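For reference, the structure is listed below as structure tokens.
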Amino acid sequence: MASFAPPSSSPSKNPNPNPRLQFAKLHKSRSPRSLTLLLRRRLPRWSPTAIRSECVGGGGGGGGGFGVHLHIPQISPSPPIMAGSAAAAAVAPAPKRPKKNVLLFYCEEMRELAERVVLESDGIELRSISWRMFEDGFPNLFISNAHGIRGQHVAFLASFSSPRVIFEQLSIIYALPRLFISSFSIVLPFFPTGSYERMEDEGDVATAFTLARILSNTPISRGGPTSLVIFDIHALQERFYFGDYVLPCFESGVPLLKSRLQQLPDSENISIAFPDDGSWKRFHKQLQHFPVIICNKVREGDRRFVRIKEGDPRGRHVVIVDDLVQSGGTLIECQKVLAAHGAAKISAYVTHGIFPNRSFERFQHDNGVGPENGLSNFWITDSCPLTVKQVKNRPPFEILSLAGAIAATLQI
């Protein structure tokens, strides 16, 4: 049996008792395992790894026996704490996350935006697709160097600007993940059926749900489900329309607007106006540092009017914010009521400028003579490339590019 010297003082008077002396008081008939567990409870100051029990050769009389060996490590003093800049210099910088190399394919409508995305990051490489048609009008598509993209991170920049181009792009979207790629991302800046998500009468078809279901069946790549990047989808609840085979990533173009407003000479005189409660719910948290004006629509008979529900536009440069514009009727009515209540200047921002039937022609530039005559600025993003070509260099329109935001998202 292991022997220990008798204790020289009682534990109550010694704040740091010798573990060997404490062990001598333990019951000698316990098994090695129970002794070890008991030591751990009685000697909390010592690490469990410092205690090891083992069986040794037995004593006389043919009986077995055991001894318990207590190993107590030598504890070296802690190094001195460095102060001030010396301590900061000793802290190694956190390692940077390695840049992900992405092969970016695109549809023809998105060529200009794709080229801007590549300029934003040296980790993104542009790849093209041959978009041709058979004589019967169906798409004849070809992905060049298909073997060369195996094991690579791949993304596709899509534009569902009309039902005519959706089928050919879906064909590419379904084909790319099957080429043994490492991961796959779809960048669809504008989700076109987002405003058709409600069913007011029996028989209404929510085409937003239909398109979400189609995208949800994108084949899984080697890296798992497909990432689907959408900017300012019309209704946040539409995220629940997507299935488990895609991971929707909802981004916003509002940070582009905030950056642009900071560059204006009257940036300290900006107020934000929302044309309805829905727009306020969507964007007010991102724009909470600005004074807010909330409008709403009031129906009188067969006519609808826009009125100010909250806020004061007098003497302010008011910027109307919404997710998209089509005919522009609501924005124009909002402009009129803000001008009538004393706004000094009026501008507008929407992430998606749809403008069917050239409805952008309804918006005139104020030419510096007052908000009653038009808008000082109308900012839109390049999420809808066909609109960008129509309004480019046409006051009051100005394009804010999503290229930087897309490049950053592809690195996630």
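Letters for chains follow the order of the structure tokens (A, B, ...), residue numbers begin at 1 for each chain, and ligand numbers begin at 1 in the order shown.
Residues in contact with Phe250 (chain A) at 7 Å, where only C-alpha atoms are counted and same-chain residues fewer than 3 positions away are skipped, are listed as Val229, Ile230, Phe231 and Asp232 of chain A.
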So that I can see what lies close to region 347-362 of chain A, please list as number ranges by chain the residues with an atom at most 6 Å from it, counting only C-alpha atoms and leaving out residues fewer than 5 positions away in the same chain. A: 253, 319-327, 375-381
Enumerate as a ChimeraX atom specification all residues of region 103-134 of chain A assigned to strand (DSSP E) by DSSP on the backbone, naming them with the chain letters and numbers the document uses. /A:103-106,124-126,129-133
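In this model, the gap between CA of Ala343 (chain A) and CA of Arg316 (chain A) comes to 5.2 Å.
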Write out as a PyMOL selection string which residues come within 6 Å of region 142-157 of chain A when counting only C-alpha atoms, dropping same-chain ones fewer than 2 positions away. chain A and resi 102-106+129-130+180-187
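Straight-line separation from CA of Leu400 (chain A) to CA of Ser216 (chain A): 29.4 Å.
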Using DSSP on the backbone coordinates, identify all residues within region 254-366 of chain A classified as alpha helix (DSSP H); present the result as an mmCIF file with C-alpha atoms, in the first residue's frame.
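Writing done, so here's states12.cif:
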data_model
loop_
_atom_site.group_PDB
_atom_site.id
_atom_site.type_symbol
_atom_site.label_atom_id
_atom_site.label_comp_id
_atom_site.auth_asym_id
_atom_site.auth_seq_id
_atom_site.Cartn_x
_atom_site.Cartn_y
_atom_site.Cartn_z
ATOM 1 C CA VAL A 254 -31.762 50.444 -49.428
ATOM 2 C CA PRO A 255 -28.097 50.665 -48.286
ATOM 3 C CA LEU A 256 -27.331 52.019 -51.779
ATOM 4 C CA LEU A 257 -29.922 54.747 -51.240
ATOM 5 C CA LYS A 258 -28.526 55.663 -47.818
ATOM 6 C CA SER A 259 -25.046 55.992 -49.275
ATOM 7 C CA ARG A 260 -26.348 58.206 -52.079
ATOM 8 C CA LEU A 261 -28.297 60.460 -49.701
ATOM 9 C CA GLN A 262 -25.161 61.124 -47.690
ATOM 10 C CA ASP A 277 -48.170 51.237 -44.237
ATOM 11 C CA GLY A 278 -46.774 48.231 -46.076
ATOM 12 C CA SER A 279 -43.783 50.203 -47.295
ATOM 13 C CA TRP A 280 -43.210 51.582 -43.796
ATOM 14 C CA LYS A 281 -43.199 48.080 -42.299
ATOM 15 C CA ARG A 282 -40.663 46.929 -44.895
ATOM 16 C CA PHE A 283 -38.118 49.736 -44.714
ATOM 17 C CA GLY A 329 -49.892 56.191 -60.050
ATOM 18 C CA THR A 330 -49.369 55.914 -56.292
ATOM 19 C CA LEU A 331 -45.993 57.680 -56.407
ATOM 20 C CA ILE A 332 -47.384 60.567 -58.432
ATOM 21 C CA GLU A 333 -50.309 61.036 -56.039
ATOM 22 C CA CYS A 334 -47.891 60.923 -53.124
ATOM 23 C CA GLN A 335 -45.736 63.566 -54.809
ATOM 24 C CA LYS A 336 -48.736 65.877 -55.249
ATOM 25 C CA VAL A 337 -49.877 65.697 -51.641
ATOM 26 C CA LEU A 338 -46.331 66.230 -50.297
ATOM 27 C CA ALA A 339 -45.856 69.270 -52.548
ATOM 28 C CA ALA A 340 -49.212 70.664 -51.406
#
Taken to one decimal, the CA of Glu268 (chain A)-CA of Asn367 (chain A) distance is 21.5 Å
Distance query Arg164 (chain A) at most 12 Å, only C-alpha atoms, self and fewer than 5 positions along chain excluded, as a PDB file with C-alpha atoms, in the first residue's frame:
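Now in selection.pdb:
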ATOM      1  CA  GLY A 137     -38.510  28.618 -81.422  1.00  0.00           C
ATOM      2  CA  PHE A 138     -37.389  26.411 -78.549  1.00  0.00           C
ATOM      3  CA  PRO A 139     -34.031  27.184 -76.932  1.00  0.00           C
ATOM      4  CA  SER A 159     -33.520  38.018 -65.139  1.00  0.00           C
ATOM      5  CA  GLN A 169     -33.058  30.237 -67.978  1.00  0.00           C
ATOM      6  CA  LEU A 170     -34.712  27.514 -65.910  1.00  0.00           C
TER       7      LEU A 170
END
Contacts of Ser121 (chain A) at 9 Å or less, counting only C-alpha atoms, minus same-chain residues fewer than 4 places along, as a list in words? Val117, Glu125, Gly404, Ala407 and Ala408 of chain A
Now that the selection is made, can you save its residues with N, CA, C and O atoms as a tab-separated table (two decimals), in the first residue's frame?
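result10.tsv, written as the output of this step:
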chain	number	residue	atom	x	y	z
A	117	VAL	N	-20.23	43.16	-61.72
A	117	VAL	CA	-19.98	42.29	-60.56
A	117	VAL	C	-18.54	41.79	-60.56
A	117	VAL	O	-17.86	41.77	-59.52
A	125	GLU	N	-15.13	35.06	-61.60
A	125	GLU	CA	-14.72	34.92	-63.00
A	125	GLU	C	-15.96	34.78	-63.87
A	125	GLU	O	-16.87	34.02	-63.54
A	404	GLY	N	-21.91	45.64	-56.38
A	404	GLY	CA	-21.13	45.44	-55.16
A	404	GLY	C	-21.82	44.52	-54.16
A	404	GLY	O	-21.20	43.66	-53.55
A	407	ALA	N	-21.64	40.91	-55.49
A	407	ALA	CA	-20.31	40.34	-55.32
A	407	ALA	C	-20.07	39.94	-53.87
A	407	ALA	O	-19.49	38.88	-53.60
A	408	ALA	N	-20.50	40.77	-52.94
A	408	ALA	CA	-20.32	40.45	-51.52
A	408	ALA	C	-21.14	39.23	-51.12
A	408	ALA	O	-20.67	38.38	-50.36
Please list as a PyMOL selection string every residue within 10 Å of region 289-291 of chain A, counting only C-alpha atoms and excluding residues in the same chain fewer than 2 positions away. chain A and resi 268-273+284-287+293+311-313+316+318
Selection export as a tab-separated table (two decimals), in the first residue's frame, atoms kept: N, CA, C and O atoms:
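The file below, result-v3.tsv, is the result:
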chain	number	residue	atom	x	y	z
A	268	GLU	N	-28.64	66.90	-44.63
A	268	GLU	CA	-29.15	67.12	-43.28
A	268	GLU	C	-30.62	67.52	-43.27
A	268	GLU	O	-31.22	67.64	-42.21
A	269	ASN	N	-31.19	67.71	-44.46
A	269	ASN	CA	-32.59	68.16	-44.54
A	269	ASN	C	-33.49	67.10	-45.17
A	269	ASN	O	-34.54	67.40	-45.70
A	270	ILE	N	-33.06	65.84	-45.12
A	270	ILE	CA	-33.80	64.75	-45.76
A	270	ILE	C	-34.86	64.20	-44.82
A	270	ILE	O	-34.62	63.97	-43.63
A	271	SER	N	-36.06	63.98	-45.36
A	271	SER	CA	-37.11	63.20	-44.69
A	271	SER	C	-37.50	62.05	-45.61
A	271	SER	O	-37.45	62.19	-46.84
A	272	ILE	N	-37.90	60.94	-45.03
A	272	ILE	CA	-38.31	59.76	-45.79
A	272	ILE	C	-39.83	59.63	-45.73
A	272	ILE	O	-40.42	59.69	-44.65
A	273	ALA	N	-40.44	59.48	-46.91
A	273	ALA	CA	-41.89	59.29	-46.99
A	273	ALA	C	-42.20	57.89	-47.49
A	273	ALA	O	-41.57	57.41	-48.45
A	284	HIS	N	-38.75	50.88	-42.62
A	284	HIS	CA	-38.51	51.94	-41.63
A	284	HIS	C	-37.33	51.64	-40.72
A	284	HIS	O	-36.65	52.56	-40.26
A	285	LYS	N	-37.03	50.37	-40.44
A	285	LYS	CA	-35.90	50.05	-39.57
A	285	LYS	C	-34.57	50.39	-40.23
A	285	LYS	O	-33.61	50.75	-39.55
A	286	GLN	N	-34.51	50.27	-41.55
A	286	GLN	CA	-33.27	50.61	-42.25
A	286	GLN	C	-33.09	52.12	-42.38
A	286	GLN	O	-31.98	52.59	-42.62
A	287	LEU	N	-34.18	52.87	-42.23
A	287	LEU	CA	-34.13	54.32	-42.42
A	287	LEU	C	-34.58	55.07	-41.17
A	287	LEU	O	-35.09	56.17	-41.24
A	293	ILE	N	-42.33	60.33	-42.79
A	293	ILE	CA	-43.68	60.75	-43.18
A	293	ILE	C	-44.39	59.51	-43.72
A	293	ILE	O	-43.84	58.81	-44.58
A	311	GLY	N	-46.40	62.82	-39.90
A	311	GLY	CA	-45.21	63.53	-40.32
A	311	GLY	C	-45.51	64.87	-40.97
A	311	GLY	O	-46.63	65.16	-41.38
A	312	ASP	N	-44.44	65.68	-41.09
A	312	ASP	CA	-44.58	67.03	-41.63
A	312	ASP	C	-43.52	67.25	-42.71
A	312	ASP	O	-42.32	67.26	-42.41
A	313	PRO	N	-43.91	67.47	-43.98
A	313	PRO	CA	-42.93	67.65	-45.05
A	313	PRO	C	-42.48	69.08	-45.27
A	313	PRO	O	-41.65	69.34	-46.15
A	316	ARG	N	-38.78	70.46	-46.23
A	316	ARG	CA	-37.87	69.32	-46.27
A	316	ARG	C	-37.67	68.81	-47.70
A	316	ARG	O	-38.51	69.01	-48.58
A	318	VAL	N	-37.99	65.65	-49.37
A	318	VAL	CA	-38.68	64.40	-49.04
A	318	VAL	C	-38.36	63.35	-50.10
A	318	VAL	O	-38.49	63.60	-51.31
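Restricting the calculation to only C-alpha atoms, the smallest distance between Glu115 (chain A) and any of A:Gly223, A:Arg127, A:Gln288, A:Phe167 is found for A:Arg127.
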